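K.L.:
Contents are CSV, C-alpha atoms; file name query.csv:
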chain,number,residue,atom,x,y,z
R,9,MET,CA,-101.7,-36.4,20.1
R,10,LEU,CA,-103.0,-36.9,23.6
R,11,ALA,CA,-100.3,-34.7,25.1
R,12,THR,CA,-101.1,-32.0,22.5
R,13,PHE,CA,-104.8,-32.2,23.4
R,14,ILE,CA,-104.1,-32.0,27.1
R,15,ALA,CA,-101.8,-29.1,26.6
R,16,SER,CA,-104.5,-27.3,24.6
R,17,LEU,CA,-106.8,-27.5,27.6
R,18,ALA,CA,-104.5,-25.2,29.5
R,19,PHE,CA,-105.9,-22.3,27.4
R,20,ASP,CA,-109.4,-23.0,28.6
R,21,ALA,CA,-110.7,-20.1,30.7
R,22,GLY,CA,-112.8,-22.3,32.9
R,23,PRO,CA,-112.2,-24.8,35.7
R,24,ILE,CA,-110.6,-27.4,33.4
R,25,GLY,CA,-108.0,-25.0,32.1
R,26,GLU,CA,-107.3,-23.9,35.7
R,27,GLN,CA,-106.8,-27.5,36.7
R,28,VAL,CA,-104.5,-28.3,33.7
R,29,ARG,CA,-102.4,-25.2,34.4
R,30,THR,CA,-102.0,-26.3,38.1
R,31,PHE,CA,-101.0,-29.8,37.1
R,32,ILE,CA,-98.4,-28.5,34.6
R,33,VAL,CA,-96.5,-26.9,37.5
R,34,GLY,CA,-97.4,-29.8,39.9
R,35,ASP,CA,-93.8,-31.0,40.3
R,36,ASN,CA,-92.9,-27.6,41.9
R,37,ILE,CA,-94.6,-27.1,45.3
R,38,SER,CA,-94.0,-23.3,45.3
R,39,GLU,CA,-95.6,-22.9,41.9
R,40,THR,CA,-98.4,-25.3,42.7
R,41,THR,CA,-99.2,-23.4,45.9
R,42,ALA,CA,-99.1,-20.1,44.1
R,43,SER,CA,-101.5,-21.5,41.4
R,44,LEU,CA,-103.9,-22.8,44.0
R,45,LYS,CA,-103.8,-19.6,46.0
R,46,GLU,CA,-104.7,-17.7,42.9
R,47,ARG,CA,-107.5,-20.1,42.1
R,48,ILE,CA,-108.9,-19.8,45.7
R,49,ASP,CA,-108.7,-16.0,45.6
R,50,ALA,CA,-110.5,-16.1,42.2
R,51,LEU,CA,-113.5,-17.5,44.0
R,52,ARG,CA,-113.9,-14.1,45.5
R,53,VAL,CA,-113.7,-12.1,42.3
R,54,SER,CA,-115.4,-14.6,39.9
R,55,ARG,CA,-118.7,-13.1,40.8
R,56,GLN,CA,-117.8,-9.9,38.9
R,57,SER,CA,-115.8,-11.6,36.1
R,58,HIS,CA,-118.2,-14.3,34.9
R,59,SER,CA,-121.8,-14.3,33.9
R,60,ARG,CA,-124.1,-15.3,36.7
R,61,HIS,CA,-125.3,-18.4,34.8
R,62,ARG,CA,-121.8,-19.7,34.1
R,63,ALA,CA,-120.6,-19.0,37.7
R,64,HIS,CA,-123.5,-21.0,39.1
R,65,GLU,CA,-122.6,-24.0,37.0
R,66,GLU,CA,-118.9,-23.8,37.8
R,67,VAL,CA,-118.6,-23.1,41.5
R,68,GLY,CA,-118.8,-26.7,42.6
R,69,GLU,CA,-116.6,-27.9,39.8
R,70,ARG,CA,-114.0,-25.3,40.7
R,71,LEU,CA,-114.0,-26.3,44.3
R,72,ASP,CA,-113.7,-30.0,43.3
R,73,TYR,CA,-110.7,-29.4,41.1
R,74,ILE,CA,-109.0,-27.2,43.7
R,75,LEU,CA,-109.5,-29.9,46.4
R,76,CYS,CA,-108.3,-32.6,44.0
R,77,SER,CA,-105.1,-30.6,43.4
R,78,ILE,CA,-104.6,-30.0,47.1
R,79,GLU,CA,-105.1,-33.7,47.9
R,80,THR,CA,-102.9,-35.1,45.1
R,81,LEU,CA,-100.2,-32.5,44.6
R,82,VAL,CA,-99.8,-30.7,47.9
R,83,LEU,CA,-100.9,-33.0,50.8
R,84,PRO,CA,-98.4,-35.8,50.2
R,85,VAL,CA,-95.5,-33.3,50.0
R,86,SER,CA,-96.4,-30.7,52.6
R,87,PRO,CA,-99.4,-31.3,55.0
R,88,ALA,CA,-98.8,-27.8,56.5
R,89,THR,CA,-99.1,-26.1,53.1
R,90,ALA,CA,-102.2,-28.3,52.3
R,91,PHE,CA,-103.7,-27.2,55.7
R,92,GLU,CA,-103.0,-23.5,54.9
R,93,LEU,CA,-104.6,-23.9,51.4
R,94,LEU,CA,-107.6,-25.7,52.9
R,95,VAL,CA,-108.1,-22.9,55.5
R,96,LEU,CA,-108.0,-20.3,52.7
R,97,LEU,CA,-110.5,-22.3,50.7
R,98,ILE,CA,-112.9,-22.7,53.6
R,99,GLU,CA,-112.7,-19.0,54.2
R,100,ARG,CA,-114.1,-18.5,50.7
R,101,ASP,CA,-117.3,-20.5,51.6
R,102,GLY,CA,-119.5,-17.4,51.7
R,103,ASP,CA,-118.3,-16.4,48.2
R,104,ALA,CA,-119.0,-19.9,46.9
R,105,MET,CA,-122.4,-20.0,48.5
R,106,GLU,CA,-123.4,-16.6,47.1
R,107,GLN,CA,-122.3,-17.6,43.6
R,108,CYS,CA,-123.6,-21.2,43.4
R,109,GLY,CA,-127.3,-20.4,42.9
R,110,ASP,CA,-129.3,-23.5,43.4
R,111,ASP,CA,-126.2,-25.7,43.5
R,112,ASP,CA,-125.6,-25.1,47.2
R,113,TRP,CA,-125.7,-28.8,48.0
R,114,SER,CA,-122.6,-29.4,45.7
R,115,VAL,CA,-120.7,-26.6,47.5
R,116,GLN,CA,-121.6,-28.0,50.9
R,117,MET,CA,-120.4,-31.5,49.8
R,118,LYS,CA,-117.1,-30.0,48.6
R,119,LEU,CA,-116.6,-28.2,51.9
R,120,LYS,CA,-117.3,-31.5,53.7
R,121,THR,CA,-114.5,-33.0,51.5
R,122,ALA,CA,-112.3,-30.0,52.6
R,123,ALA,CA,-112.9,-30.9,56.2
R,124,ARG,CA,-111.9,-34.5,55.6
R,125,LEU,CA,-108.7,-33.3,54.0
R,126,VAL,CA,-108.1,-30.9,57.0
R,127,ALA,CA,-108.3,-33.9,59.3
R,128,THR,CA,-105.8,-35.8,57.2
R,129,ALA,CA,-103.4,-32.8,57.1
R,130,MET,CA,-103.7,-32.3,60.8
R,131,LYS,CA,-102.2,-35.7,61.5
R,132,SER,CA,-98.8,-34.1,60.7
R,133,LEU,CA,-99.3,-30.7,62.3
R,134,PRO,CA,-98.9,-29.3,65.8
R,135,SER,CA,-102.5,-29.7,67.2
R,136,ARG,CA,-102.5,-26.4,69.1
R,137,GLU,CA,-102.1,-24.1,66.0
R,138,ALA,CA,-104.4,-26.2,63.9
R,139,ARG,CA,-107.0,-26.3,66.6
R,140,GLN,CA,-106.9,-22.5,66.9
R,141,ALA,CA,-107.4,-22.1,63.2
R,142,LEU,CA,-110.3,-24.5,63.1
R,143,GLU,CA,-111.9,-22.9,66.2
R,144,ARG,CA,-111.7,-19.6,64.4
R,145,LEU,CA,-113.3,-21.0,61.2
R,146,VAL,CA,-116.1,-22.6,63.2
R,147,ALA,CA,-116.8,-19.4,65.1
R,148,GLU,CA,-116.9,-17.4,61.9
R,149,ASP,CA,-119.3,-19.8,60.1
R,150,GLY,CA,-121.8,-17.4,58.5
R,151,TYR,CA,-123.3,-19.9,56.1
R,152,GLY,CA,-123.6,-23.1,58.1
R,153,THR,CA,-121.1,-24.8,55.9
R,154,ARG,CA,-118.4,-25.4,58.4
R,155,ALA,CA,-120.2,-27.9,60.6
R,156,PRO,CA,-118.0,-30.8,59.5
R,157,LEU,CA,-115.0,-29.0,61.1
R,158,VAL,CA,-116.8,-29.4,64.5
R,159,ASP,CA,-116.3,-33.2,64.1
R,160,VAL,CA,-112.6,-32.6,63.2
R,161,LEU,CA,-112.2,-30.5,66.4
R,162,ALA,CA,-114.0,-33.2,68.4
R,163,SER,CA,-111.6,-35.8,67.1
R,164,LEU,CA,-108.6,-33.7,68.4
R,165,SER,CA,-110.0,-34.0,71.9
R,166,ARG,CA,-109.9,-37.8,71.9
Just give me the structure as structure tokens.
P.N.:
Amino acid sequence: MLATFIASLAFDAGPIGEQVRTFIVGDNISETTASLKERIDALRVSRQSHSRHRAHEEVGERLDYILCSIETLVLPVSPATAFELLVLLIERDGDAMEQCGDDDWSVQMKLKTAARLVATAMKSLPSREARQALERLVAEDGYGTRAPLVDVLASLSR
């Protein structure tokens, strides 16, 4: 009965359904990555596809579930893919901030979590390419949400 219930959640249109659908393909890194890229890209368009009230309530939750999937399903298998997904997610910070209404603190905390995961992923990556990506993200910070990446960059210099 539990498995049937969990499978039924895959049909939910909100963040829980998205998370369940990603976990269903979680054993396949290509499918997991494709699912996460679609979810990250949906942060851009969800402004038009959901009511404003619903989007405000779900932005932080969506970010949290995406980060959870990256941390548990992708990072242990492919730090480079996790880094790529985290960069894509951080690039959507403006969309998330514009959609979150009064819940901007939640979005900022999720982006702080993303920075922590970036630091973890970078332990397995060539620092030059990763550094360039982070420097670009920091330089393009239009919402003040990427400040935690400055600490990650500083740790590379040590």
K.L.:
Around (-96.6, -28.2, 41.1) in the file's own coordinates, what residues are found within 10 Å if you use only C-alpha atoms, given back as a list in words?
P.N.:
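Checking each residue against the 10 Å limit leaves Arg29, Thr30, Phe31, Ile32, Val33, Gly34, Asp35, Asn36, Ile37, Ser38, Glu39, Thr40, Thr41, Ala42, Ser43, Leu44, Ser77, Leu81 and Val82 of chain R.
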K.L.:
What is the distance, in Å and to one decimal place, between atom CA of R:Leu97 and atom CA of R:Leu125?
P.N.:
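Taking atom CA of R:Leu97 as the start and atom CA of R:Leu125 as the end point, the length is 11.6 Å.
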K.L.:
Every residue with an atom at most 7 Å from (-115.0, -26.2, 54.0) (file coordinates; only C-alpha atoms) is what I'm after, so could you write them as a PyMOL selection string?
P.N.:
chain R and resi 97-98+101+118-120+122-123+153-154
K.L.:
Measuring atom to atom with all atoms listed in the file, identify which of R:Leu96, R:Asp103, R:Gln116, R:Thr128 is nearest to R:Ala141.
P.N.:
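So, comparing all the options, the nearest one is R:Leu96.
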K.L.:
Write out as a list of chain:residue names the residues lying within 10 Å of R:Glu106, counting only C-alpha atoms and excluding same-chain residues fewer than 2 positions away.
P.N.:
R:Arg52, R:Arg55, R:His64, R:Val67, R:Asp101, R:Gly102, R:Asp103, R:Ala104, R:Cys108, R:Gly109, R:Asp110, R:Asp112, R:Tyr151
K.L.:
Using only C-alpha atoms, find each residue in stretch 22-133 of chain R having at least one atom no more than 8 Å away from stretch 9-18 of chain R; report its shortest atom-to-atom pair and that distance in Å (one decimal), rows by chain then rising number, as JSON lines.
P.N.:
{"residue": "R:Ile24", "atom": "CA", "partner": "R:Leu17", "partner_atom": "CA", "distance": 6.9}
{"residue": "R:Gly25", "atom": "CA", "partner": "R:Ala18", "partner_atom": "CA", "distance": 4.4}
{"residue": "R:Glu26", "atom": "CA", "partner": "R:Ala18", "partner_atom": "CA", "distance": 6.9}
{"residue": "R:Gln27", "atom": "CA", "partner": "R:Ala18", "partner_atom": "CA", "distance": 7.9}
{"residue": "R:Val28", "atom": "CA", "partner": "R:Ala18", "partner_atom": "CA", "distance": 5.2}
{"residue": "R:Arg29", "atom": "CA", "partner": "R:Ala18", "partner_atom": "CA", "distance": 5.3}
